[in-house]
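Asks: Below you'll find the structure I mean.
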Amino acid sequence: MKTIVPVVSAVVLALALTSASAAPAHHKRQTKAAIAAQPQIACTVVGCIPVPRGCHPEMGYTPGGTPTGFDVAVCPNYTLYGYARCPNC
């Protein structure tokens with residue numbers, strides 16, 4: 001009887017700890033601001049800046065067609081911070 005009491009109490013303690021750790025964890029919901037897409041960055045001749053919405057970064061070129069090593073922001077009707085490659089050249 002003396003050995004059963006410590007064994008039973010150890011089993012009860014182990015079950016209590018197991019059920020406490022197996023309790024479901026509550027997950028935080030992310031807000032729309034937390035899951036919003038990060039803006040694209042273009043490293044232009046004036047520094048690394050976010051690309052405006054509706055535009056995308058491309059490699060920049062000189063008017064003669066040589067790559068500059070910097071990005072430009074290409075928008076539907078215009079280009080920011082330099083020249084993009086001419087599609088008809």
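Residue numbering restarts at 1 for every chain of the structure tokens, chains are lettered A, B, ... in their displayed order, and ligands are numbered from 1 as they appear.
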Got a sec: who's within 9 Å of A:Pro63, counting only C-alpha atoms, leaving out chain neighbours fewer than 5 positions off, as a VMD selection string?
Replies: chain A and resid 82 to 85
Asks: Write to file, as a compact mmCIF listing (two decimals), in the first residue's frame, the residues of the selection just made, with N, CA and C atoms.
Replies:
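out-v6.txt was written with the following content:
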```
# COMPACT_ATOMS: atom_id res chain seq x y z
N GLY A 82 13.95 57.95 -64.87
CA GLY A 82 14.88 57.52 -65.91
C GLY A 82 14.16 57.00 -67.14
N TYR A 83 14.89 56.22 -67.93
CA TYR A 83 14.37 55.69 -69.18
C TYR A 83 14.24 54.19 -69.09
N ALA A 84 13.15 53.66 -69.61
CA ALA A 84 12.98 52.21 -69.73
C ALA A 84 13.39 51.80 -71.13
N ARG A 85 13.61 50.52 -71.32
CA ARG A 85 14.00 50.05 -72.66
C ARG A 85 12.85 50.31 -73.62
```
Asks: State, in Å with one decimal place, the distance from atom CA of A:Phe70 to atom CA of A:Gly47.
Replies: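 If I compute the distance from atom CA of A:Phe70 to atom CA of A:Gly47, I get 9.2 Å.
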Asks: Any idea what's packed within 7 Å of stretch 53-60 of chain A, counting only C-alpha atoms, ignoring anything in its chain fewer than 4 positions away? Could you give it as an MDAnalysis selection string?
Replies: chainID A and resid 42 67:76 82:84
Asks: My list of candidates is A:Ile4, A:Pro52, A:Thr66, A:Asn77. Which is closest to A:Gln38 when distances are computed with only C-alpha atoms?
Replies: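 Answer, going by the shortest atom-to-atom distance: A:Pro52.
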Asks: Mind pulling up the distance from atom CA of A:Thr62 to atom CA of A:Tyr78?
Replies: 15.8 Å
